[in-house]
Each structure stands twice: as structure tokens, then as C-alpha cells.
file final-v3.txt (compact mmCIF, C-alpha atoms and all ligand atoms)
# COMPACT_ATOMS: atom_id res chain seq x y z
CA MET A 252 5.55 2.55 50.87
CA SER A 253 7.13 0.36 48.26
CA GLN A 254 7.85 1.68 44.78
CA ARG A 255 7.56 -1.81 43.29
CA ASN A 256 4.85 -2.39 40.72
CA HIS A 257 4.40 -5.99 41.80
CA THR A 258 4.29 -8.01 45.01
CA LYS A 259 7.75 -9.33 45.78
CA LEU A 260 7.77 -12.97 46.87
CA PHE A 261 9.61 -13.89 50.03
CA ILE A 262 7.56 -17.08 50.27
CA PRO A 263 9.76 -20.17 49.86
CA GLY A 264 8.77 -20.75 46.30
CA PRO A 265 8.02 -19.65 43.75
CA ILE A 266 10.36 -16.77 44.50
CA GLU A 267 11.17 -13.43 42.89
CA VAL A 268 12.47 -13.71 39.31
CA SER A 269 14.91 -11.10 38.01
CA GLU A 270 14.36 -8.81 35.03
CA LYS A 271 17.46 -10.33 33.43
CA THR A 272 15.90 -13.80 33.65
CA TYR A 273 12.62 -12.59 32.13
CA ARG A 274 14.49 -10.91 29.31
CA ALA A 275 16.40 -14.14 28.60
CA MET A 276 13.07 -15.97 28.25
CA CYS A 277 11.98 -13.63 25.46
CA ARG A 278 14.60 -14.82 22.99
CA PRO A 279 13.15 -16.17 19.71
CA MET A 280 11.98 -19.77 19.65
CA ILE A 281 14.15 -22.51 18.15
CA GLY A 282 13.39 -26.07 17.09
CA HIS A 283 14.06 -28.61 19.82
CA ARG A 284 15.85 -30.91 17.35
CA SER A 285 17.88 -28.06 15.85
CA GLY A 286 21.59 -27.38 16.12
CA ASP A 287 20.76 -24.22 18.07
CA PHE A 288 18.99 -26.25 20.75
CA LYS A 289 21.80 -28.79 20.95
CA LYS A 290 24.25 -25.94 21.39
CA LEU A 291 22.11 -24.46 24.15
CA TYR A 292 21.70 -27.74 26.05
CA GLY A 293 25.26 -28.95 25.43
CA GLY A 294 26.59 -25.55 26.44
CA ILE A 295 25.02 -25.51 29.89
CA GLN A 296 25.85 -29.16 30.65
CA PRO A 297 29.33 -28.62 32.21
CA ARG A 298 28.08 -25.91 34.59
CA LEU A 299 25.11 -28.04 35.59
CA GLN A 300 27.44 -30.96 36.31
CA THR A 301 29.56 -28.71 38.51
CA LEU A 302 26.52 -27.63 40.50
CA PHE A 303 25.33 -31.23 40.85
CA GLY A 304 28.82 -32.40 41.79
CA THR A 305 28.67 -35.14 39.20
CA THR A 306 30.31 -36.39 36.02
CA ARG A 307 26.94 -37.87 35.03
CA PRO A 308 24.72 -36.04 32.52
CA VAL A 309 22.15 -33.62 33.91
CA PHE A 310 18.67 -34.11 32.45
CA LEU A 311 16.05 -31.42 31.92
CA SER A 312 12.43 -32.37 32.48
CA THR A 313 9.55 -30.16 31.43
CA SER A 314 7.56 -30.68 34.58
CA SER A 315 7.61 -29.54 38.13
CA ALA A 316 9.82 -31.44 40.57
CA TRP A 317 7.05 -33.89 41.37
CA GLY A 318 7.28 -35.33 37.88
CA VAL A 319 10.82 -36.50 38.54
CA MET A 320 10.02 -37.46 42.15
CA GLU A 321 7.36 -39.81 40.83
CA GLY A 322 9.59 -40.84 37.95
CA ALA A 323 12.37 -41.87 40.33
CA ILE A 324 9.94 -44.24 42.07
CA ARG A 325 8.73 -45.73 38.81
CA ASN A 326 12.24 -46.15 37.42
CA LEU A 327 13.97 -47.55 40.50
CA VAL A 328 11.70 -49.25 43.01
CA SER A 329 11.18 -52.95 42.36
CA LYS A 330 11.01 -54.30 45.94
CA LYS A 331 10.19 -51.64 48.51
CA VAL A 332 10.98 -47.97 49.07
CA LEU A 333 11.61 -46.26 52.39
CA ASN A 334 10.15 -42.74 52.33
CA CYS A 335 11.76 -40.48 54.95
CA MET A 336 9.07 -38.09 56.16
CA CYS A 337 9.46 -34.90 58.18
CA GLY A 338 7.10 -32.41 56.54
CA ALA A 339 4.52 -31.82 53.83
CA PHE A 340 6.65 -32.62 50.76
CA SER A 341 8.43 -35.64 52.18
CA ASP A 342 5.17 -37.01 53.64
CA LYS A 343 3.54 -36.81 50.24
CA TRP A 344 6.27 -38.94 48.66
CA LEU A 345 4.91 -42.01 50.49
CA ASP A 346 1.49 -41.42 48.98
CA VAL A 347 3.05 -40.96 45.54
CA SER A 348 5.01 -44.24 45.92
CA LYS A 349 1.82 -46.10 46.77
CA ARG A 350 -0.10 -44.51 43.90
CA CYS A 351 2.66 -45.83 41.61
CA GLY A 352 1.70 -49.29 42.87
CA LYS A 353 4.91 -49.76 44.87
CA GLN A 354 5.54 -51.29 48.25
CA ALA A 355 6.41 -48.32 50.43
CA GLU A 356 7.14 -47.77 54.08
CA ALA A 357 7.30 -44.58 56.13
CA LEU A 358 10.11 -43.36 58.29
CA GLN A 359 8.06 -40.66 59.98
CA VAL A 360 9.29 -38.07 62.43
CA GLU A 361 7.42 -35.05 63.83
CA TRP A 362 7.25 -32.07 61.47
CA GLY A 363 10.14 -29.84 62.49
CA SER A 364 12.38 -32.74 63.54
CA PRO A 365 15.20 -34.02 61.33
CA ILE A 366 15.64 -37.48 59.87
CA THR A 367 18.67 -38.92 61.67
CA PRO A 368 21.20 -41.41 60.31
CA GLU A 369 20.41 -43.75 63.23
CA LEU A 370 16.72 -43.90 62.30
CA VAL A 371 17.64 -44.60 58.67
CA ARG A 372 19.98 -47.44 59.64
CA GLU A 373 17.40 -48.99 61.95
CA LYS A 374 14.79 -49.05 59.18
CA LEU A 375 17.03 -50.18 56.35
CA ALA A 376 18.46 -52.94 58.54
CA GLN A 377 14.99 -54.49 58.69
CA GLY A 378 15.67 -55.46 55.08
CA GLY A 379 13.62 -55.70 51.91
CA PHE A 380 14.27 -52.15 50.70
CA ASP A 381 15.85 -51.32 47.37
CA ALA A 382 15.34 -47.54 47.43
CA ILE A 383 15.06 -44.65 49.87
CA THR A 384 13.75 -41.11 49.34
CA LEU A 385 15.03 -38.13 51.29
CA ILE A 386 14.18 -34.46 51.06
CA HIS A 387 17.37 -32.62 51.85
CA ASN A 388 15.70 -29.37 52.84
CA GLU A 389 12.08 -29.86 53.94
CA THR A 390 10.69 -26.54 52.74
CA SER A 391 7.39 -26.80 54.59
CA CYS A 392 9.01 -26.60 58.02
CA GLY A 393 12.55 -25.35 57.38
CA VAL A 394 14.33 -28.56 58.37
CA LEU A 395 17.71 -29.32 56.83
CA ASN A 396 18.38 -33.04 57.05
CA PRO A 397 21.96 -34.27 57.66
CA LEU A 398 22.58 -35.43 54.10
CA LYS A 399 26.21 -36.44 54.43
CA GLU A 400 25.63 -38.59 57.52
CA ILE A 401 22.53 -40.21 56.02
CA ALA A 402 24.41 -40.86 52.77
CA ALA A 403 27.08 -42.75 54.71
CA VAL A 404 24.41 -44.99 56.24
CA VAL A 405 22.67 -45.63 52.92
CA ARG A 406 25.98 -46.77 51.44
CA GLU A 407 26.03 -49.58 54.03
CA PHE A 408 23.12 -51.07 52.05
CA PRO A 409 24.41 -51.58 48.50
CA GLU A 410 21.08 -52.59 47.02
CA VAL A 411 19.35 -49.39 48.15
CA MET A 412 19.08 -46.55 45.62
CA PHE A 413 19.45 -43.14 47.26
CA ILE A 414 16.93 -40.66 45.82
CA VAL A 415 17.42 -37.08 47.02
CA ASP A 416 15.24 -34.01 46.51
CA SER A 417 17.25 -30.78 46.70
CA VAL A 418 14.49 -28.51 45.43
CA SER A 419 15.00 -25.75 48.01
CA SER A 420 18.69 -26.31 48.82
CA PHE A 421 20.25 -26.79 45.38
CA SER A 422 23.04 -24.27 44.67
CA THR A 423 22.56 -22.59 48.06
CA MET A 424 25.05 -24.94 49.72
CA PRO A 425 27.46 -27.65 48.52
CA ILE A 426 25.81 -30.96 47.53
CA SER A 427 28.15 -33.35 45.76
CA MET A 428 26.16 -36.13 44.18
CA ASP A 429 29.08 -38.38 43.23
CA GLU A 430 30.97 -37.94 46.47
CA LEU A 431 27.90 -38.73 48.57
CA GLY A 432 26.88 -41.69 46.43
CA ILE A 433 23.50 -40.21 45.55
CA ASP A 434 21.69 -42.19 42.85
CA VAL A 435 19.13 -39.57 41.84
CA LEU A 436 19.57 -35.90 42.68
CA LEU A 437 16.73 -33.66 41.58
CA THR A 438 15.68 -30.05 41.82
CA GLY A 439 13.08 -27.68 40.40
CA SER A 440 13.31 -24.27 38.79
CA GLN A 441 11.12 -22.03 40.96
CA LYS A 442 12.84 -22.23 44.32
CA ALA A 443 16.58 -22.04 44.92
CA LEU A 444 17.27 -21.29 41.24
CA ALA A 445 14.91 -18.29 41.13
CA LEU A 446 13.41 -19.21 37.76
CA PRO A 447 9.73 -19.41 36.91
CA PRO A 448 8.12 -22.84 37.59
CA GLY A 449 7.95 -25.57 34.98
CA LEU A 450 11.42 -27.10 34.73
CA ALA A 451 12.96 -29.90 36.77
CA LEU A 452 16.62 -30.89 36.67
CA PHE A 453 18.03 -34.25 37.67
CA ALA A 454 20.97 -36.61 37.37
CA VAL A 455 21.03 -40.40 37.70
CA SER A 456 23.96 -42.57 38.77
CA GLU A 457 25.28 -45.26 36.45
CA ARG A 458 24.01 -48.08 38.66
CA ALA A 459 20.58 -46.47 38.93
CA MET A 460 20.45 -46.22 35.16
CA GLU A 461 21.27 -49.95 34.98
CA ARG A 462 18.44 -50.68 37.44
CA ALA A 463 16.03 -48.52 35.40
CA LYS A 464 16.73 -50.56 32.26
CA THR A 465 15.48 -53.69 34.02
CA MET A 466 12.27 -52.11 35.31
CA GLY A 467 8.85 -52.60 33.76
CA ASP A 468 6.15 -49.92 33.79
CA ARG A 469 8.49 -46.97 33.60
CA GLY A 470 5.99 -45.21 31.41
CA TYR A 471 7.27 -42.83 28.76
CA TYR A 472 7.34 -39.20 29.92
CA PHE A 473 9.64 -39.79 32.89
CA ASP A 474 11.52 -42.82 31.58
CA PHE A 475 15.13 -42.31 32.65
CA VAL A 476 16.35 -44.49 29.78
CA GLU A 477 14.63 -42.18 27.28
CA PHE A 478 16.25 -39.16 28.91
CA ALA A 479 19.68 -40.79 28.65
CA LYS A 480 19.20 -41.80 25.02
CA ASN A 481 18.19 -38.28 23.99
CA GLN A 482 20.77 -36.57 26.15
CA GLU A 483 23.55 -38.30 24.19
CA GLN A 484 22.58 -35.95 21.38
CA ASP A 485 21.95 -32.95 23.63
CA MET A 486 18.22 -33.36 23.34
CA THR A 487 15.23 -34.12 25.54
CA PRO A 488 12.66 -36.90 24.90
CA SER A 489 9.82 -34.49 24.09
CA THR A 490 9.54 -30.78 23.32
CA PRO A 491 10.96 -29.00 26.37
CA CYS A 492 10.15 -25.59 27.86
CA ILE A 493 12.80 -23.87 25.76
CA SER A 494 12.11 -20.43 27.24
CA LEU A 495 12.86 -21.78 30.71
CA ILE A 496 16.08 -23.31 29.42
CA TYR A 497 17.05 -19.86 28.13
CA ALA A 498 16.31 -18.63 31.65
CA LEU A 499 18.42 -21.41 33.13
CA GLU A 500 21.34 -20.50 30.87
CA SER A 501 21.05 -16.89 32.03
CA LYS A 502 20.92 -18.00 35.68
CA LEU A 503 24.02 -20.15 35.25
CA GLU A 504 25.82 -17.06 33.95
CA ASP A 505 24.75 -15.26 37.15
CA ILE A 506 25.84 -18.14 39.38
CA PHE A 507 29.26 -18.61 37.80
CA THR A 508 29.90 -14.86 37.60
CA GLU A 509 29.22 -14.57 41.31
CA GLY A 510 31.13 -17.80 41.98
CA VAL A 511 29.58 -20.95 43.41
CA GLU A 512 31.30 -20.61 46.78
CA ALA A 513 30.44 -16.92 47.01
CA ARG A 514 26.83 -17.86 46.30
CA HIS A 515 26.87 -20.38 49.15
CA ALA A 516 28.44 -17.77 51.47
CA ARG A 517 25.83 -15.19 50.48
CA HIS A 518 23.00 -17.55 51.36
CA ALA A 519 24.58 -18.34 54.73
CA ALA A 520 25.07 -14.64 55.50
CA LEU A 521 21.53 -13.65 54.51
CA ASN A 522 20.07 -16.54 56.48
CA ALA A 523 22.08 -15.41 59.52
CA MET A 524 20.57 -11.91 59.17
CA VAL A 525 17.09 -13.42 59.32
CA HIS A 526 18.07 -15.60 62.27
CA ASP A 527 19.37 -12.56 64.17
CA TRP A 528 16.08 -10.79 63.55
CA VAL A 529 14.09 -13.82 64.77
CA LYS A 530 16.06 -13.96 68.03
CA ALA A 531 16.01 -10.18 68.59
CA ARG A 532 12.22 -10.07 68.22
CA GLY A 533 11.62 -12.85 70.71
CA PHE A 534 10.54 -15.48 68.20
CA GLU A 535 11.65 -19.11 68.21
CA PHE A 536 12.75 -21.39 65.40
CA PHE A 537 10.53 -24.28 64.37
CA ALA A 538 13.49 -26.59 63.67
CA PRO A 539 16.12 -27.45 66.28
CA GLU A 540 19.57 -25.92 66.16
CA GLY A 541 21.94 -27.69 63.77
CA TYR A 542 19.06 -28.73 61.49
CA ARG A 543 17.87 -25.36 60.21
CA SER A 544 17.62 -24.57 56.55
CA VAL A 545 20.01 -21.96 55.14
CA SER A 546 17.72 -20.95 52.27
CA LEU A 547 14.62 -20.16 54.29
CA THR A 548 13.64 -19.70 57.92
CA CYS A 549 10.59 -21.32 59.48
CA VAL A 550 9.69 -19.26 62.53
CA ALA A 551 7.49 -20.55 65.35
CA ASN A 552 4.64 -18.17 66.12
CA ASN A 553 5.33 -18.29 69.86
CA ARG A 554 4.25 -14.63 70.14
CA GLU A 555 0.85 -15.69 68.86
CA ILE A 556 0.60 -12.98 66.25
CA ASP A 557 -2.47 -12.99 64.01
CA LEU A 558 -0.46 -14.24 61.03
CA ALA A 559 -3.17 -13.97 58.41
CA GLU A 560 -3.68 -10.33 59.35
CA TRP A 561 0.07 -9.60 59.37
CA VAL A 562 0.66 -11.28 56.01
CA LYS A 563 -2.15 -9.15 54.58
CA ARG A 564 -0.73 -5.89 56.04
CA LEU A 565 2.71 -6.68 54.62
CA ARG A 566 1.27 -7.31 51.20
CA GLU A 567 -0.87 -4.18 51.19
CA LYS A 568 1.61 -1.74 52.67
CA HIS A 569 4.95 -3.05 51.37
CA ARG A 570 3.99 -5.30 48.46
CA ILE A 571 5.89 -8.12 50.10
CA ALA A 572 4.56 -11.69 50.36
CA ILE A 573 5.62 -14.00 53.16
CA ASP A 574 4.14 -17.37 54.02
CA GLY A 575 1.84 -17.76 57.02
CA GLY A 576 2.43 -21.49 57.50
CA TYR A 577 2.15 -24.56 55.27
CA GLY A 578 -0.80 -26.91 55.62
CA LYS A 579 -1.33 -27.91 59.22
CA LEU A 580 1.27 -25.30 60.29
CA LYS A 581 -0.94 -22.44 59.08
CA GLY A 582 -1.05 -19.75 61.76
CA LYS A 583 1.52 -21.66 63.83
CA THR A 584 4.63 -20.75 61.82
CA PHE A 585 5.68 -18.26 59.21
CA ARG A 586 8.39 -18.72 56.62
CA LEU A 587 10.85 -16.22 55.18
CA SER A 588 12.85 -17.14 52.08
CA ASN A 589 16.37 -15.90 51.43
CA MET A 590 16.79 -17.96 48.26
CA GLY A 591 17.72 -16.75 44.83
CA ASP A 592 19.02 -13.27 44.11
CA GLU A 593 18.49 -11.68 47.52
CA THR A 594 21.17 -9.36 48.89
CA LYS A 595 21.96 -7.66 52.20
CA GLU A 596 19.95 -4.68 50.96
CA THR A 597 16.84 -6.65 50.03
CA ILE A 598 16.87 -8.73 53.23
CA THR A 599 17.32 -5.50 55.23
CA GLU A 600 14.29 -4.14 53.40
CA LEU A 601 12.31 -7.28 54.20
CA LEU A 602 13.19 -7.17 57.89
CA ALA A 603 12.35 -3.45 58.10
CA ALA A 604 8.99 -4.14 56.51
CA LEU A 605 8.37 -6.95 59.00
CA ASP A 606 9.14 -4.59 61.87
CA ASP A 607 7.00 -1.83 60.41
CA THR A 608 3.94 -4.06 60.14
CA LEU A 609 4.48 -6.13 63.28
CA ALA A 610 4.02 -3.12 65.57
C1 LIG B 1 8.25 -27.19 46.31
C2 LIG B 1 8.88 -28.48 46.63
C3 LIG B 1 8.56 -29.64 45.94
C4 LIG B 1 7.48 -29.72 44.90
O1 LIG B 1 7.80 -28.96 43.83
P1 LIG B 1 6.79 -28.82 42.58
O2 LIG B 1 7.56 -27.87 41.76
O3 LIG B 1 5.51 -28.26 43.11
O4 LIG B 1 6.63 -30.15 41.98
C5 LIG B 1 9.21 -30.80 46.27
N1 LIG B 1 10.14 -30.82 47.22
C6 LIG B 1 10.48 -29.72 47.92
C7 LIG B 1 11.52 -29.82 48.96
C8 LIG B 1 9.86 -28.52 47.64
O5 LIG B 1 10.20 -27.43 48.34

call {"tool": "encode", "arguments": {"input": "final-v3.txt", "output": "C-alpha cells"}}
result
Amino acid sequence: MSQRNHTKLFIPGPIEVSEKTYRAMCRPMIGHRSGDFKKLYGGIQPRLQTLFGTTRPVFLSTSSAWGVMEGAIRNLVSKKVLNCMCGAFSDKWLDVSKRCGKQAEALQVEWGSPITPELVREKLAQGGFDAITLIHNETSCGVLNPLKEIAAVVREFPEVMFIVDSVSSFSTMPISMDELGIDVLLTGSQKALALPPGLALFAVSERAMERAKTMGDRGYYFDFVEFAKNQEQDMTPSTPCISLIYALESKLEDIFTEGVEARHARHAALNAMVHDWVKARGFEFFAPEGYRSVSLTCVANNREIDLAEWVKRLREKHRIAIDGGYGKLKGKTFRLSNMGDETKETITELLAALDDTLA
């Protein structure tokens, strides 16, 4: 029986938040136009840029990731956007594009299959597109899309802005925005960064910022030009979630104390532990080899376990939460997160609890 006084989240977001992070959030409030705030924001900027792999400023949005995902559409799409779709989050981006009143087209593959560079080239070559959206790590089905190869294809189409969601992969593996020619790279707080929800982080290329300036109907709250103007003075357009920015500062300390490369290696090692367990227990992976996420594992329920029952047993006996399948994958897959602060010890504990309740 677990000694924990709360249910530990191994669902792929939100994930477990450390005591250190919670303590950081309890620091006294400061004015968002004060010198203290500017010092806070300015102080974390270089480390954020390192993690984004960019020399561009990193903006902080008080919203969940979807705010910036919608904002990217409103700021950058004037002709037509190609939405690459391979799971719940990426599928929804098409709907969001249309609700923003934009021309949008789907590049749809089966859930569990990756978006390939060939498919992207074929679509973009049809012409008329000036933006593309890609979810690097499709959290709903554990698919890791080949970002580098797709980036190379997108660069063949100079007019096309490359908008990339790294919500569940950010800081778990290298993603270099500038090197890959990404125009908008965005992430959220509650997944790979192991912070509470409510903060989104993003950076915008110079050429994308130029495009944004020419766009009508950008609105206010997610106007990239407003973010840039305020960021020049280490500020945000409106009052931000300062407590979460304290938490982010604390998390950056953690990340750079561990070392960015060591952090990547830890995620790979923990993911491999989960993969070994999956194979040893006779389960299959939902995503094909070579396209599997390193921050979570989406397992096919080929053993036809009663997932709802198992998830309940795990929660009651071990105070551990895992996910029993997203949307239409409910009952057909389960997902195990190894994001955030997990260690060999905590993943060992998770796998032991899975075994204990699977029997
Ligand atoms: C969770 C998730 C989102 C949506 O994040 P919100 O914080 O709910 O806006 C978007 N993309 C991916 C890949 C996600 O995992």
C-alpha cells in the first residue's frame, strides 16, 4: 500500500508536481509592471532560449497551450493552413483553424500512424498553403512525428509558416527551433515541464513576426505583436500567472542543475524501462517502431484487459493514476507517462504497481 497522501499522476498530463515547485509558487505576489517582475522574466529568458534552441525571445502566455495554438492560426494564416492530423490534439487543430474563419485542409493519417515527410510534400506541392501545423508528439496515441525530416520538406516551400506543438516533448529531447526553421514553437506547463496547468510558452521566428504584423483580426489576447512589444521590456501584454512563472523559474533551476542532455538521457532511459515492461508482459505498442514517444508510452490493449477496472484498482490500492485510453481509444489503449521528475525508482514503483494489480 502506498504511503502517499495523494494520487500520483502517471497520466500524460497534467503530471505530478514536485513539492519544490509548489513551494516556489507560494512566494509573495509582485506587480507585473514592477522591477521585480522584469527581473524574474528577464532572468529566465536565456535558459528558455536554450531549451527552445532559439535566439528569438520566448513569450509567456497565461493560457493553456490551445490559446497559443489558436493564436498561431490567427496571427499567421492568410491563405490556407495544412493541419497534420494523427490523433486527438492534432485532429482538433483543423476544427480550431476553421472556427477562426480560415481556409484549412487536413492531412489525416490513422491514429497511431506518423505523419511522414512524403505526405507533407505531396500536400504542400498542391499549392495555396501559407502555413502548416504539426504536433511533434501526439500525446493521445503516443506517436512521435519525424520533426527533422518534416522540417526539411517544409523549408522547400518558403511561403509556408511552420507551426509546431511540442507540448508533451519539450525538454524531454532536443528540439532546435532555429536550426529546424520552425516559425512558431509552443509548449504548455502541465506536461513535459511538470508544472501546474495555466501557462503556455512560445517563440516566433522573425519572418513569422513580420507576417503577423500584416494580418488583420489578430485579436488582442494572443496578438504576437503585442507579446513582442511587451517582451522588449520583460513584460507580458496582460497580468500573467506570476505564481506559475515562479514555478517555471524553479523548474529551470532543476533542469539546468541536472543538465539538459542528462535530462534527455533520463527520459530515454525511463521510457526504455516502460518499453521493456510492455514487451515482457506480452503487450504491444500502439505506434510503430521508430515513431514512439519518449515521454509517454501508448500501449495497445491486445490482452483485452478490463482497463476501467484495472485503472480503478491501481488508484485504490496504490494511489497511482494511469490513463485508460483517450477519446475513441478508451478501453483499447492505456498510456503511461514518464515525463517530468520521474526517476528509475519511481518508474520501478509504477511498474511494480502495474504488475501487482494486473494479476
Ligand atoms: C495536452 C496537449 C495539448 C492541449 O493542451 P491544453 O493545455 O489543454 O491547451 C495540445 N497538444 C498536445 C500535444 C497535448 O498533449

call {"tool": "residues_near_ligand", "arguments": {"input": "final-v3.txt", "ligand": "ligand LIG 1 (chain B)", "cutoff": "7 Å", "atoms": "all atoms listed in the file", "output": "PyMOL selection string"}}
result
chain A and resi 264+315-318+340+386+388-391+416-419+439+441+448

call {"tool": "residues_around", "arguments": {"input": "final-v3.txt", "residues": "range 354-367 of chain A", "least_positions_apart": "5", "cutoff": "10 Å", "atoms": "all atoms listed in the file", "output": "mmCIF file with C-alpha atoms, in the coordinates of the input"}}
result
data_model
loop_
_atom_site.group_PDB
_atom_site.id
_atom_site.type_symbol
_atom_site.label_atom_id
_atom_site.label_comp_id
_atom_site.auth_asym_id
_atom_site.auth_seq_id
_atom_site.Cartn_x
_atom_site.Cartn_y
_atom_site.Cartn_z
ATOM 1 C CA ILE A 324 9.940 -44.240 42.070
ATOM 2 C CA VAL A 328 11.700 -49.250 43.010
ATOM 3 C CA SER A 329 11.180 -52.950 42.360
ATOM 4 C CA LYS A 330 11.010 -54.300 45.940
ATOM 5 C CA LYS A 331 10.190 -51.640 48.510
ATOM 6 C CA VAL A 332 10.980 -47.970 49.070
ATOM 7 C CA LEU A 333 11.610 -46.260 52.390
ATOM 8 C CA ASN A 334 10.150 -42.740 52.330
ATOM 9 C CA CYS A 335 11.760 -40.480 54.950
ATOM 10 C CA MET A 336 9.070 -38.090 56.160
ATOM 11 C CA CYS A 337 9.460 -34.900 58.180
ATOM 12 C CA GLY A 338 7.100 -32.410 56.540
ATOM 13 C CA ALA A 339 4.520 -31.820 53.830
ATOM 14 C CA SER A 341 8.430 -35.640 52.180
ATOM 15 C CA ASP A 342 5.170 -37.010 53.640
ATOM 16 C CA TRP A 344 6.270 -38.940 48.660
ATOM 17 C CA LEU A 345 4.910 -42.010 50.490
ATOM 18 C CA ASP A 346 1.490 -41.420 48.980
ATOM 19 C CA VAL A 347 3.050 -40.960 45.540
ATOM 20 C CA SER A 348 5.010 -44.240 45.920
ATOM 21 C CA LYS A 349 1.820 -46.100 46.770
ATOM 22 C CA ARG A 372 19.980 -47.440 59.640
ATOM 23 C CA GLU A 373 17.400 -48.990 61.950
ATOM 24 C CA LYS A 374 14.790 -49.050 59.180
ATOM 25 C CA LEU A 375 17.030 -50.180 56.350
ATOM 26 C CA GLY A 379 13.620 -55.700 51.910
ATOM 27 C CA PHE A 380 14.270 -52.150 50.700
ATOM 28 C CA ALA A 382 15.340 -47.540 47.430
ATOM 29 C CA ILE A 383 15.060 -44.650 49.870
ATOM 30 C CA THR A 384 13.750 -41.110 49.340
ATOM 31 C CA LEU A 385 15.030 -38.130 51.290
ATOM 32 C CA ILE A 386 14.180 -34.460 51.060
ATOM 33 C CA HIS A 387 17.370 -32.620 51.850
ATOM 34 C CA ASN A 388 15.700 -29.370 52.840
ATOM 35 C CA GLU A 389 12.080 -29.860 53.940
ATOM 36 C CA SER A 391 7.390 -26.800 54.590
ATOM 37 C CA CYS A 392 9.010 -26.600 58.020
ATOM 38 C CA GLY A 393 12.550 -25.350 57.380
ATOM 39 C CA VAL A 394 14.330 -28.560 58.370
ATOM 40 C CA LEU A 395 17.710 -29.320 56.830
ATOM 41 C CA ASN A 396 18.380 -33.040 57.050
ATOM 42 C CA PRO A 397 21.960 -34.270 57.660
ATOM 43 C CA LEU A 398 22.580 -35.430 54.100
ATOM 44 C CA GLU A 400 25.630 -38.590 57.520
ATOM 45 C CA ILE A 401 22.530 -40.210 56.020
ATOM 46 C CA VAL A 404 24.410 -44.990 56.240
ATOM 47 C CA PHE A 536 12.750 -21.390 65.400
ATOM 48 C CA PHE A 537 10.530 -24.280 64.370
ATOM 49 C CA ALA A 538 13.490 -26.590 63.670
ATOM 50 C CA PRO A 539 16.120 -27.450 66.280
ATOM 51 C CA GLY A 541 21.940 -27.690 63.770
ATOM 52 C CA TYR A 542 19.060 -28.730 61.490
ATOM 53 C CA ARG A 543 17.870 -25.360 60.210
ATOM 54 C CA CYS A 549 10.590 -21.320 59.480
ATOM 55 C CA LYS A 579 -1.330 -27.910 59.220
ATOM 56 C CA LEU A 580 1.270 -25.300 60.290
#

call {"tool": "residues_around", "arguments": {"input": "final-v3.txt", "residues": "Gly467 in chain A", "least_positions_apart": "6", "cutoff": "10 Å", "atoms": "only C-alpha atoms", "output": "ChimeraX atom specification"}}
result
/A:325-327,329

call {"tool": "closest_residue", "arguments": {"input": "final-v3.txt", "among": "A:Glu593, A:Glu540, A:Glu600, A:Glu535", "to": "Asn553 in chain A", "atoms": "only C-alpha atoms"}}
result
A:Glu535

call {"tool": "residues_around", "arguments": {"input": "final-v3.txt", "residues": "Leu302 in chain A", "least_positions_apart": "4", "cutoff": "9 Å", "atoms": "only C-alpha atoms", "output": "number ranges by chain"}}
result
A: 297-298, 421-422, 425-427, 511

call {"tool": "closest_residue", "arguments": {"input": "final-v3.txt", "among": "A:Leu291, A:Val319, A:Ile598, A:Leu436", "to": "Gln484 in chain A", "atoms": "all atoms listed in the file"}}
result
A:Leu291
